[in-house]
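Shown next: my_file-v3.cif, containing mmCIF, N, CA, C and O atoms.
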```cif
data_final
loop_
_atom_site.group_PDB
_atom_site.id
_atom_site.type_symbol
_atom_site.label_atom_id
_atom_site.label_comp_id
_atom_site.auth_asym_id
_atom_site.auth_seq_id
_atom_site.Cartn_x
_atom_site.Cartn_y
_atom_site.Cartn_z
ATOM 1 N N MET Z 52 0.845 -1.178 0.000
ATOM 2 C CA MET Z 52 0.000 0.000 0.000
ATOM 3 C C MET Z 52 0.889 1.240 0.000
ATOM 4 O O MET Z 52 1.843 1.328 0.768
ATOM 5 N N GLN Z 53 0.530 2.181 -0.868
ATOM 6 C CA GLN Z 53 1.358 3.375 -0.997
ATOM 7 C C GLN Z 53 0.957 4.430 0.025
ATOM 8 O O GLN Z 53 -0.213 4.598 0.336
ATOM 9 N N GLU Z 54 1.967 5.127 0.518
ATOM 10 C CA GLU Z 54 1.751 6.143 1.541
ATOM 11 C C GLU Z 54 1.096 7.379 0.917
ATOM 12 O O GLU Z 54 1.463 7.805 -0.167
ATOM 13 N N LYS Z 55 0.103 7.954 1.602
ATOM 14 C CA LYS Z 55 -0.562 9.161 1.134
ATOM 15 C C LYS Z 55 0.265 10.371 1.522
ATOM 16 O O LYS Z 55 0.738 10.467 2.643
ATOM 17 N N LYS Z 56 0.433 11.285 0.593
ATOM 18 C CA LYS Z 56 1.177 12.517 0.846
ATOM 19 C C LYS Z 56 0.189 13.674 0.927
ATOM 20 O O LYS Z 56 -0.851 13.662 0.268
ATOM 21 N N ILE Z 57 0.546 14.680 1.696
ATOM 22 C CA ILE Z 57 -0.279 15.873 1.837
ATOM 23 C C ILE Z 57 0.392 16.986 1.046
ATOM 24 O O ILE Z 57 1.596 17.197 1.173
ATOM 25 N N ILE Z 58 -0.367 17.695 0.227
ATOM 26 C CA ILE Z 58 0.182 18.762 -0.605
ATOM 27 C C ILE Z 58 -0.232 20.107 -0.026
ATOM 28 O O ILE Z 58 -1.414 20.362 0.196
ATOM 29 N N TYR Z 59 0.776 20.949 0.242
ATOM 30 C CA TYR Z 59 0.562 22.296 0.759
ATOM 31 C C TYR Z 59 1.119 23.310 -0.227
ATOM 32 O O TYR Z 59 1.943 22.967 -1.074
ATOM 33 N N GLU Z 60 0.681 24.556 -0.092
ATOM 34 C CA GLU Z 60 1.301 25.653 -0.818
ATOM 35 C C GLU Z 60 2.082 26.476 0.184
ATOM 36 O O GLU Z 60 1.703 26.572 1.349
ATOM 37 N N GLY Z 61 3.188 27.057 -0.282
ATOM 38 C CA GLY Z 61 4.010 27.837 0.622
ATOM 39 C C GLY Z 61 4.875 28.837 -0.113
ATOM 40 O O GLY Z 61 4.852 28.926 -1.337
ATOM 41 N N LEU Z 62 5.659 29.575 0.656
ATOM 42 C CA LEU Z 62 6.522 30.626 0.144
ATOM 43 C C LEU Z 62 7.968 30.292 0.505
ATOM 44 O O LEU Z 62 8.264 29.961 1.653
ATOM 45 N N ILE Z 63 8.861 30.374 -0.468
ATOM 46 C CA ILE Z 63 10.286 30.145 -0.231
ATOM 47 C C ILE Z 63 10.825 31.345 0.542
ATOM 48 O O ILE Z 63 10.715 32.484 0.088
ATOM 49 N N THR Z 64 11.400 31.111 1.713
ATOM 50 C CA THR Z 64 11.930 32.212 2.514
ATOM 51 C C THR Z 64 13.445 32.282 2.485
ATOM 52 O O THR Z 64 14.009 33.358 2.638
ATOM 53 N N GLU Z 65 14.100 31.118 2.276
ATOM 54 C CA GLU Z 65 15.557 31.092 2.328
ATOM 55 C C GLU Z 65 16.081 29.985 1.423
ATOM 56 O O GLU Z 65 15.502 28.907 1.349
ATOM 57 N N SER Z 66 17.159 30.276 0.718
ATOM 58 C CA SER Z 66 17.801 29.290 -0.138
ATOM 59 C C SER Z 66 18.998 28.702 0.602
ATOM 60 O O SER Z 66 19.860 29.435 1.075
ATOM 61 N N LEU Z 67 19.045 27.373 0.692
ATOM 62 C CA LEU Z 67 20.140 26.679 1.354
ATOM 63 C C LEU Z 67 20.961 25.937 0.301
ATOM 64 O O LEU Z 67 20.677 26.021 -0.891
ATOM 65 N N SER Z 68 21.955 25.200 0.705
ATOM 66 C CA SER Z 68 22.818 24.500 -0.248
ATOM 67 C C SER Z 68 22.146 23.232 -0.782
ATOM 68 O O SER Z 68 21.203 22.703 -0.191
ATOM 69 N N ASN Z 69 22.664 22.751 -1.912
ATOM 70 C CA ASN Z 69 22.261 21.478 -2.532
ATOM 71 C C ASN Z 69 20.777 21.391 -2.863
ATOM 72 O O ASN Z 69 20.148 20.348 -2.677
ATOM 73 N N GLY Z 70 20.193 22.455 -3.355
ATOM 74 C CA GLY Z 70 18.793 22.416 -3.784
ATOM 75 C C GLY Z 70 17.809 22.293 -2.647
ATOM 76 O O GLY Z 70 16.724 21.754 -2.829
ATOM 77 N N MET Z 71 18.168 22.810 -1.481
ATOM 78 C CA MET Z 71 17.262 22.774 -0.339
ATOM 79 C C MET Z 71 16.833 24.200 -0.001
ATOM 80 O O MET Z 71 17.588 25.148 -0.197
ATOM 81 N N PHE Z 72 15.618 24.325 0.496
ATOM 82 C CA PHE Z 72 15.034 25.630 0.761
ATOM 83 C C PHE Z 72 14.262 25.606 2.069
ATOM 84 O O PHE Z 72 13.751 24.562 2.473
ATOM 85 N N ARG Z 73 14.177 26.755 2.715
ATOM 86 C CA ARG Z 73 13.319 26.928 3.877
ATOM 87 C C ARG Z 73 11.980 27.436 3.331
ATOM 88 O O ARG Z 73 11.940 28.430 2.601
ATOM 89 N N VAL Z 74 10.894 26.742 3.651
ATOM 90 C CA VAL Z 74 9.579 27.055 3.097
ATOM 91 C C VAL Z 74 8.619 27.363 4.237
ATOM 92 O O VAL Z 74 8.501 26.584 5.180
ATOM 93 N N ARG Z 75 7.924 28.502 4.138
ATOM 94 C CA ARG Z 75 6.862 28.839 5.096
ATOM 95 C C ARG Z 75 5.537 28.475 4.439
ATOM 96 O O ARG Z 75 5.156 29.051 3.430
ATOM 97 N N LEU Z 76 4.878 27.464 5.015
ATOM 98 C CA LEU Z 76 3.607 26.997 4.472
ATOM 99 C C LEU Z 76 2.497 27.992 4.785
ATOM 100 O O LEU Z 76 2.655 28.880 5.622
ATOM 101 N N ASP Z 77 1.367 27.835 4.092
ATOM 102 C CA ASP Z 77 0.229 28.733 4.307
ATOM 103 C C ASP Z 77 -0.354 28.602 5.706
ATOM 104 O O ASP Z 77 -0.991 29.518 6.198
ATOM 105 N N ASN Z 78 -0.123 27.459 6.372
ATOM 106 C CA ASN Z 78 -0.607 27.298 7.747
ATOM 107 C C ASN Z 78 0.445 27.741 8.764
ATOM 108 O O ASN Z 78 0.383 27.371 9.928
ATOM 109 N N GLU Z 79 1.436 28.542 8.310
ATOM 110 C CA GLU Z 79 2.476 29.174 9.138
ATOM 111 C C GLU Z 79 3.522 28.204 9.675
ATOM 112 O O GLU Z 79 4.320 28.579 10.519
ATOM 113 N N ASP Z 80 3.563 26.948 9.213
ATOM 114 C CA ASP Z 80 4.631 26.029 9.596
ATOM 115 C C ASP Z 80 5.872 26.318 8.760
ATOM 116 O O ASP Z 80 5.775 26.702 7.599
ATOM 117 N N LEU Z 81 7.045 26.123 9.335
ATOM 118 C CA LEU Z 81 8.310 26.320 8.645
ATOM 119 C C LEU Z 81 8.939 24.952 8.435
ATOM 120 O O LEU Z 81 9.202 24.232 9.404
ATOM 121 N N ILE Z 82 9.150 24.568 7.164
ATOM 122 C CA ILE Z 82 9.702 23.248 6.868
ATOM 123 C C ILE Z 82 10.930 23.382 5.977
ATOM 124 O O ILE Z 82 11.204 24.448 5.426
ATOM 125 N N LEU Z 83 11.638 22.278 5.823
ATOM 126 C CA LEU Z 83 12.788 22.198 4.936
ATOM 127 C C LEU Z 83 12.324 21.502 3.658
ATOM 128 O O LEU Z 83 11.845 20.368 3.703
ATOM 129 N N GLY Z 84 12.434 22.192 2.524
ATOM 130 C CA GLY Z 84 11.990 21.630 1.260
ATOM 131 C C GLY Z 84 13.162 21.328 0.353
ATOM 132 O O GLY Z 84 14.140 22.062 0.332
ATOM 133 N N TYR Z 85 13.068 20.220 -0.386
ATOM 134 C CA TYR Z 85 14.096 19.882 -1.361
ATOM 135 C C TYR Z 85 13.438 19.713 -2.719
ATOM 136 O O TYR Z 85 12.251 19.413 -2.828
ATOM 137 N N ILE Z 86 14.217 19.941 -3.777
ATOM 138 C CA ILE Z 86 13.689 19.954 -5.137
ATOM 139 C C ILE Z 86 13.443 18.527 -5.626
ATOM 140 O O ILE Z 86 14.290 17.649 -5.435
ATOM 141 N N SER Z 87 12.312 18.314 -6.290
ATOM 142 C CA SER Z 87 12.035 17.005 -6.876
ATOM 143 C C SER Z 87 12.876 16.815 -8.136
ATOM 144 O O SER Z 87 13.431 17.764 -8.688
ATOM 145 N N GLY Z 88 12.949 15.600 -8.611
ATOM 146 C CA GLY Z 88 13.777 15.281 -9.769
ATOM 147 C C GLY Z 88 13.319 15.944 -11.053
ATOM 148 O O GLY Z 88 14.128 16.351 -11.872
ATOM 149 N N LYS Z 89 12.008 16.069 -11.246
ATOM 150 C CA LYS Z 89 11.502 16.685 -12.475
ATOM 151 C C LYS Z 89 11.868 18.162 -12.543
ATOM 152 O O LYS Z 89 12.193 18.674 -13.610
ATOM 153 N N ILE Z 90 11.810 18.849 -11.412
ATOM 154 C CA ILE Z 90 12.189 20.261 -11.390
ATOM 155 C C ILE Z 90 13.684 20.393 -11.636
ATOM 156 O O ILE Z 90 14.144 21.279 -12.362
ATOM 157 N N ARG Z 91 14.467 19.499 -11.069
ATOM 158 C CA ARG Z 91 15.922 19.523 -11.263
ATOM 159 C C ARG Z 91 16.277 19.249 -12.724
ATOM 160 O O ARG Z 91 17.125 19.912 -13.311
ATOM 161 N N ARG Z 92 15.625 18.261 -13.339
ATOM 162 C CA ARG Z 92 15.895 17.929 -14.741
ATOM 163 C C ARG Z 92 15.433 19.034 -15.689
ATOM 164 O O ARG Z 92 16.020 19.223 -16.748
ATOM 165 N N GLY Z 93 14.358 19.720 -15.329
ATOM 166 C CA GLY Z 93 13.826 20.771 -16.188
ATOM 167 C C GLY Z 93 14.509 22.115 -16.022
ATOM 168 O O GLY Z 93 14.122 23.085 -16.665
ATOM 169 N N PHE Z 94 15.535 22.195 -15.166
ATOM 170 C CA PHE Z 94 16.291 23.419 -14.907
ATOM 171 C C PHE Z 94 15.374 24.576 -14.500
ATOM 172 O O PHE Z 94 15.575 25.710 -14.931
ATOM 173 N N ILE Z 95 14.376 24.293 -13.691
ATOM 174 C CA ILE Z 95 13.460 25.331 -13.220
ATOM 175 C C ILE Z 95 14.107 26.022 -12.035
ATOM 176 O O ILE Z 95 14.478 25.389 -11.056
ATOM 177 N N ARG Z 96 14.263 27.321 -12.158
ATOM 178 C CA ARG Z 96 14.950 28.094 -11.124
ATOM 179 C C ARG Z 96 13.956 28.488 -10.041
ATOM 180 O O ARG Z 96 12.883 29.003 -10.341
ATOM 181 N N ILE Z 97 14.314 28.238 -8.803
ATOM 182 C CA ILE Z 97 13.490 28.600 -7.646
ATOM 183 C C ILE Z 97 14.294 29.570 -6.795
ATOM 184 O O ILE Z 97 15.430 29.295 -6.439
ATOM 185 N N LEU Z 98 13.689 30.713 -6.482
ATOM 186 C CA LEU Z 98 14.346 31.766 -5.725
ATOM 187 C C LEU Z 98 13.520 32.137 -4.507
ATOM 188 O O LEU Z 98 12.311 31.865 -4.476
ATOM 189 N N PRO Z 99 14.132 32.745 -3.491
ATOM 190 C CA PRO Z 99 13.341 33.231 -2.352
ATOM 191 C C PRO Z 99 12.268 34.215 -2.818
ATOM 192 O O PRO Z 99 12.517 35.061 -3.661
ATOM 193 N N GLY Z 100 11.069 34.029 -2.290
ATOM 194 C CA GLY Z 100 9.931 34.849 -2.692
ATOM 195 C C GLY Z 100 8.987 34.129 -3.636
ATOM 196 O O GLY Z 100 7.892 34.611 -3.902
ATOM 197 N N ASP Z 101 9.383 32.974 -4.166
ATOM 198 C CA ASP Z 101 8.534 32.202 -5.072
ATOM 199 C C ASP Z 101 7.508 31.396 -4.279
ATOM 200 O O ASP Z 101 7.762 30.943 -3.175
ATOM 201 N N ARG Z 102 6.331 31.214 -4.880
ATOM 202 C CA ARG Z 102 5.303 30.358 -4.297
ATOM 203 C C ARG Z 102 5.440 28.968 -4.913
ATOM 204 O O ARG Z 102 5.649 28.840 -6.113
ATOM 205 N N VAL Z 103 5.359 27.926 -4.081
ATOM 206 C CA VAL Z 103 5.555 26.552 -4.533
ATOM 207 C C VAL Z 103 4.505 25.632 -3.922
ATOM 208 O O VAL Z 103 3.865 25.969 -2.929
ATOM 209 N N LYS Z 104 4.354 24.460 -4.541
ATOM 210 C CA LYS Z 104 3.571 23.371 -3.963
ATOM 211 C C LYS Z 104 4.557 22.382 -3.367
ATOM 212 O O LYS Z 104 5.545 22.018 -4.008
ATOM 213 N N VAL Z 105 4.272 21.941 -2.148
ATOM 214 C CA VAL Z 105 5.170 21.049 -1.421
ATOM 215 C C VAL Z 105 4.403 19.800 -1.013
ATOM 216 O O VAL Z 105 3.281 19.879 -0.507
ATOM 217 N N GLU Z 106 5.023 18.648 -1.239
ATOM 218 C CA GLU Z 106 4.445 17.361 -0.873
ATOM 219 C C GLU Z 106 5.092 16.921 0.433
ATOM 220 O O GLU Z 106 6.309 16.740 0.497
ATOM 221 N N VAL Z 107 4.296 16.767 1.490
ATOM 222 C CA VAL Z 107 4.812 16.455 2.828
ATOM 223 C C VAL Z 107 4.309 15.077 3.244
ATOM 224 O O VAL Z 107 3.135 14.750 3.092
ATOM 225 N N SER Z 108 5.216 14.273 3.786
ATOM 226 C CA SER Z 108 4.877 12.947 4.266
ATOM 227 C C SER Z 108 4.136 13.047 5.598
ATOM 228 O O SER Z 108 4.350 13.976 6.374
ATOM 229 N N ARG Z 109 3.313 12.077 5.871
ATOM 230 C CA ARG Z 109 2.610 12.057 7.160
ATOM 231 C C ARG Z 109 3.549 11.691 8.305
ATOM 232 O O ARG Z 109 3.295 12.015 9.447
ATOM 233 N N TYR Z 110 4.647 11.029 7.982
ATOM 234 C CA TYR Z 110 5.543 10.541 9.021
ATOM 235 C C TYR Z 110 6.554 11.590 9.473
ATOM 236 O O TYR Z 110 6.956 11.597 10.622
ATOM 237 N N ASP Z 111 6.997 12.455 8.560
ATOM 238 C CA ASP Z 111 7.961 13.498 8.911
ATOM 239 C C ASP Z 111 7.443 14.825 8.359
ATOM 240 O O ASP Z 111 7.645 15.155 7.197
ATOM 241 N N SER Z 112 6.784 15.578 9.198
ATOM 242 C CA SER Z 112 6.150 16.820 8.745
ATOM 243 C C SER Z 112 7.101 18.006 8.769
ATOM 244 O O SER Z 112 6.677 19.133 8.564
ATOM 245 N N THR Z 113 8.399 17.773 8.998
ATOM 246 C CA THR Z 113 9.367 18.873 8.997
ATOM 247 C C THR Z 113 10.116 18.968 7.679
ATOM 248 O O THR Z 113 10.873 19.902 7.479
ATOM 249 N N ARG Z 114 9.922 17.990 6.778
ATOM 250 C CA ARG Z 114 10.593 17.982 5.479
ATOM 251 C C ARG Z 114 9.559 17.743 4.393
ATOM 252 O O ARG Z 114 8.578 17.038 4.598
ATOM 253 N N GLY Z 115 9.805 18.335 3.220
ATOM 254 C CA GLY Z 115 8.885 18.140 2.111
ATOM 255 C C GLY Z 115 9.592 18.251 0.775
ATOM 256 O O GLY Z 115 10.679 18.806 0.681
ATOM 257 N N ARG Z 116 8.947 17.735 -0.262
ATOM 258 C CA ARG Z 116 9.507 17.765 -1.612
ATOM 259 C C ARG Z 116 8.778 18.821 -2.419
ATOM 260 O O ARG Z 116 7.546 18.804 -2.505
ATOM 261 N N ILE Z 117 9.533 19.754 -3.010
ATOM 262 C CA ILE Z 117 8.950 20.811 -3.832
ATOM 263 C C ILE Z 117 8.625 20.197 -5.180
ATOM 264 O O ILE Z 117 9.509 19.750 -5.903
ATOM 265 N N ILE Z 118 7.328 20.169 -5.534
ATOM 266 C CA ILE Z 118 6.915 19.486 -6.754
ATOM 267 C C ILE Z 118 6.446 20.439 -7.844
ATOM 268 O O ILE Z 118 6.329 20.035 -8.998
ATOM 269 N N TYR Z 119 6.197 21.711 -7.519
ATOM 270 C CA TYR Z 119 5.677 22.637 -8.526
ATOM 271 C C TYR Z 119 5.959 24.069 -8.112
ATOM 272 O O TYR Z 119 5.801 24.415 -6.936
ATOM 273 N N ARG Z 120 6.409 24.890 -9.047
ATOM 274 C CA ARG Z 120 6.608 26.323 -8.805
ATOM 275 C C ARG Z 120 5.424 27.047 -9.398
ATOM 276 O O ARG Z 120 5.151 26.950 -10.590
ATOM 277 N N LEU Z 121 4.679 27.766 -8.559
ATOM 278 C CA LEU Z 121 3.485 28.474 -9.001
ATOM 279 C C LEU Z 121 3.883 29.748 -9.745
ATOM 280 O O LEU Z 121 4.875 30.386 -9.401
ATOM 281 N N PRO Z 122 3.118 30.125 -10.770
ATOM 282 C CA PRO Z 122 3.460 31.346 -11.515
ATOM 283 C C PRO Z 122 3.219 32.594 -10.661
ATOM 284 O O PRO Z 122 2.283 32.649 -9.861
ATOM 285 N N ASN Z 123 4.106 33.583 -10.842
ATOM 286 C CA ASN Z 123 3.960 34.846 -10.125
ATOM 287 C C ASN Z 123 2.814 35.655 -10.704
ATOM 288 O O ASN Z 123 2.562 35.617 -11.905
ATOM 289 N N LYS Z 124 2.145 36.420 -9.862
ATOM 290 C CA LYS Z 124 1.073 37.280 -10.351
ATOM 291 C C LYS Z 124 1.628 38.509 -11.044
ATOM 292 O O LYS Z 124 0.972 39.137 -11.836
ATOM 293 N N ASP Z 125 2.900 38.866 -10.752
ATOM 294 C CA ASP Z 125 3.523 40.040 -11.368
ATOM 295 C C ASP Z 125 3.953 39.780 -12.797
ATOM 296 O O ASP Z 125 4.136 40.712 -13.566
ATOM 297 N N SER Z 126 4.120 38.519 -13.190
ATOM 298 C CA SER Z 126 4.691 38.197 -14.507
ATOM 299 C C SER Z 126 3.631 38.075 -15.599
ATOM 300 O O SER Z 126 3.935 37.560 -16.660
ATOM 301 N N LYS Z 127 2.400 38.522 -15.361
ATOM 302 C CA LYS Z 127 1.369 38.471 -16.402
ATOM 303 C C LYS Z 127 1.712 39.471 -17.495
ATOM 304 O O LYS Z 127 2.284 40.525 -17.257
ATOM 305 N N ASP Z 128 1.313 39.116 -18.727
ATOM 306 C CA ASP Z 128 1.583 40.015 -19.860
ATOM 307 C C ASP Z 128 0.734 41.262 -19.725
ATOM 308 O O ASP Z 128 -0.476 41.198 -19.499
ATOM 309 N N LYS Z 129 1.379 42.406 -19.870
ATOM 310 C CA LYS Z 129 0.674 43.680 -19.783
ATOM 311 C C LYS Z 129 0.703 44.318 -21.155
ATOM 312 O O LYS Z 129 1.604 45.061 -21.503
ATOM 313 N N ASP Z 130 -0.296 43.977 -21.991
ATOM 314 C CA ASP Z 130 -0.358 44.500 -23.357
ATOM 315 C C ASP Z 130 -1.093 45.819 -23.415
ATOM 316 O O ASP Z 130 -2.009 46.104 -22.773
#
```
Please express the file's structure as structure tokens.
Amino acid sequence: MQEKKIIYEGLITESLSNGMFRVRLDNEDLILGYISGKIRRGFIRILPGDRVKVEVSRYDSTRGRIIYRLPNKDSKDKD
């Protein structure tokens, strides 16, 4: 049986070494997030201030995998 993961949205607050980030979730928890393989392979750049989706295990709620970078509201085309 596969373990169920919980998906949260959060804000990157700090960039650490080796693709790890400090993430403040929407429920005000502070966790350690690491980049998933697809984001690493796709060369998607994640910087402090970006909004992301994080997949957190039920067993260790202090670490999570960053699975998606949400688009910024400032980057919309202004024609």
Using all atoms listed in the file, determine which residues lie at most 7 Å from Z:Lys55, disregarding the query and same-chain residues fewer than 4 positions distant; provide the list as a tab-separated table (two decimals) with N, CA, C and O atoms, in the frame of the given file.
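Saved file selection-v7.tsv follows:
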```
chain	number	residue	atom	x	y	z
Z	107	VAL	N	4.30	16.77	1.49
Z	107	VAL	CA	4.81	16.45	2.83
Z	107	VAL	C	4.31	15.08	3.24
Z	107	VAL	O	3.14	14.75	3.09
Z	108	SER	N	5.22	14.27	3.79
Z	108	SER	CA	4.88	12.95	4.27
Z	108	SER	C	4.14	13.05	5.60
Z	108	SER	O	4.35	13.98	6.37
Z	109	ARG	N	3.31	12.08	5.87
Z	109	ARG	CA	2.61	12.06	7.16
Z	109	ARG	C	3.55	11.69	8.30
Z	109	ARG	O	3.30	12.02	9.45
Z	110	TYR	N	4.65	11.03	7.98
Z	110	TYR	CA	5.54	10.54	9.02
Z	110	TYR	C	6.55	11.59	9.47
Z	110	TYR	O	6.96	11.60	10.62
```
Original post:
Using all atoms listed in the file, what residues lie at most 7 Å away from (0.7, 17.7, 1.8) (file coordinates), given as number ranges by chain?
Top reply: Z: 56-59, 105-108
Hey, can you spit out that residue selection with N, CA, C and O atoms as an mmCIF file, keeping the file's coordinate frame?
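Generated file (selection_6.cif):
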```
data_model
loop_
_atom_site.group_PDB
_atom_site.id
_atom_site.type_symbol
_atom_site.label_atom_id
_atom_site.label_comp_id
_atom_site.auth_asym_id
_atom_site.auth_seq_id
_atom_site.Cartn_x
_atom_site.Cartn_y
_atom_site.Cartn_z
ATOM 1 N N LYS Z 56 0.433 11.285 0.593
ATOM 2 C CA LYS Z 56 1.177 12.517 0.846
ATOM 3 C C LYS Z 56 0.189 13.674 0.927
ATOM 4 O O LYS Z 56 -0.851 13.662 0.268
ATOM 5 N N ILE Z 57 0.546 14.680 1.696
ATOM 6 C CA ILE Z 57 -0.279 15.873 1.837
ATOM 7 C C ILE Z 57 0.392 16.986 1.046
ATOM 8 O O ILE Z 57 1.596 17.197 1.173
ATOM 9 N N ILE Z 58 -0.367 17.695 0.227
ATOM 10 C CA ILE Z 58 0.182 18.762 -0.605
ATOM 11 C C ILE Z 58 -0.232 20.107 -0.026
ATOM 12 O O ILE Z 58 -1.414 20.362 0.196
ATOM 13 N N TYR Z 59 0.776 20.949 0.242
ATOM 14 C CA TYR Z 59 0.562 22.296 0.759
ATOM 15 C C TYR Z 59 1.119 23.310 -0.227
ATOM 16 O O TYR Z 59 1.943 22.967 -1.074
ATOM 17 N N VAL Z 105 4.272 21.941 -2.148
ATOM 18 C CA VAL Z 105 5.170 21.049 -1.421
ATOM 19 C C VAL Z 105 4.403 19.800 -1.013
ATOM 20 O O VAL Z 105 3.281 19.879 -0.507
ATOM 21 N N GLU Z 106 5.023 18.648 -1.239
ATOM 22 C CA GLU Z 106 4.445 17.361 -0.873
ATOM 23 C C GLU Z 106 5.092 16.921 0.433
ATOM 24 O O GLU Z 106 6.309 16.740 0.497
ATOM 25 N N VAL Z 107 4.296 16.767 1.490
ATOM 26 C CA VAL Z 107 4.812 16.455 2.828
ATOM 27 C C VAL Z 107 4.309 15.077 3.244
ATOM 28 O O VAL Z 107 3.135 14.750 3.092
ATOM 29 N N SER Z 108 5.216 14.273 3.786
ATOM 30 C CA SER Z 108 4.877 12.947 4.266
ATOM 31 C C SER Z 108 4.136 13.047 5.598
ATOM 32 O O SER Z 108 4.350 13.976 6.374
#
```
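With atom O of Z:Val103 on one side and atom C of Z:Met52 on the other, the separation reads 25.1 Å.
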Subject >> Contact residues around stretch 70-74 of chain Z with only C-alpha atoms at 12 Å, ignoring same-chain residues under 5 positions, as JSON, numbers by chain >> reply: {"Z": [59, 60, 61, 62, 63, 64, 65, 79, 80, 81, 82, 83, 84, 85, 86, 87, 88, 90, 91, 94, 95, 96, 97, 98, 99, 100, 101, 102, 103, 104, 105, 106, 107, 113, 114, 115, 116, 117]}
Original post:
Could you pull out all residues of stretch 86-117 of chain Z with a DSSP call of helix (DSSP H, G or I) and give them as number ranges by chain?
Top reply: Z: 88-92
May I have the centre and edge lengths, in Å to one decimal, of an axis-aligned box around the listed atoms of stretch 69-83 of chain Z with 4 Å added to every side, as AutoDock Vina command-line options?
```
--center_x 10.8 --center_y 24.9 --center_z 3.4 --size_x 31.7 --size_y 17.2 --size_z 22.3
```
Original post:
Hey, can you check how far atom CA of Z:Leu76 sits from atom CA of Z:Pro122?
Top reply: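 Straight-line distance from atom CA of Z:Leu76 to atom CA of Z:Pro122 works out to 16.6 Å.
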**OP:** Extract the full set of strand (DSSP E) residues from chain Z according to DSSP on the backbone, and format it as an MDAnalysis selection string.
**Re:** chainID Z and resid 56:66 71:76 81:86 102:108 114:120
Subject >> Interatomic distance, atom N of Z:Asp77 to atom C of Z:Gln53 (Å, one decimal) >> reply: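 Computing the Euclidean distance for atom N of Z:Asp77 and atom C of Z:Gln53 yields 23.8 Å.
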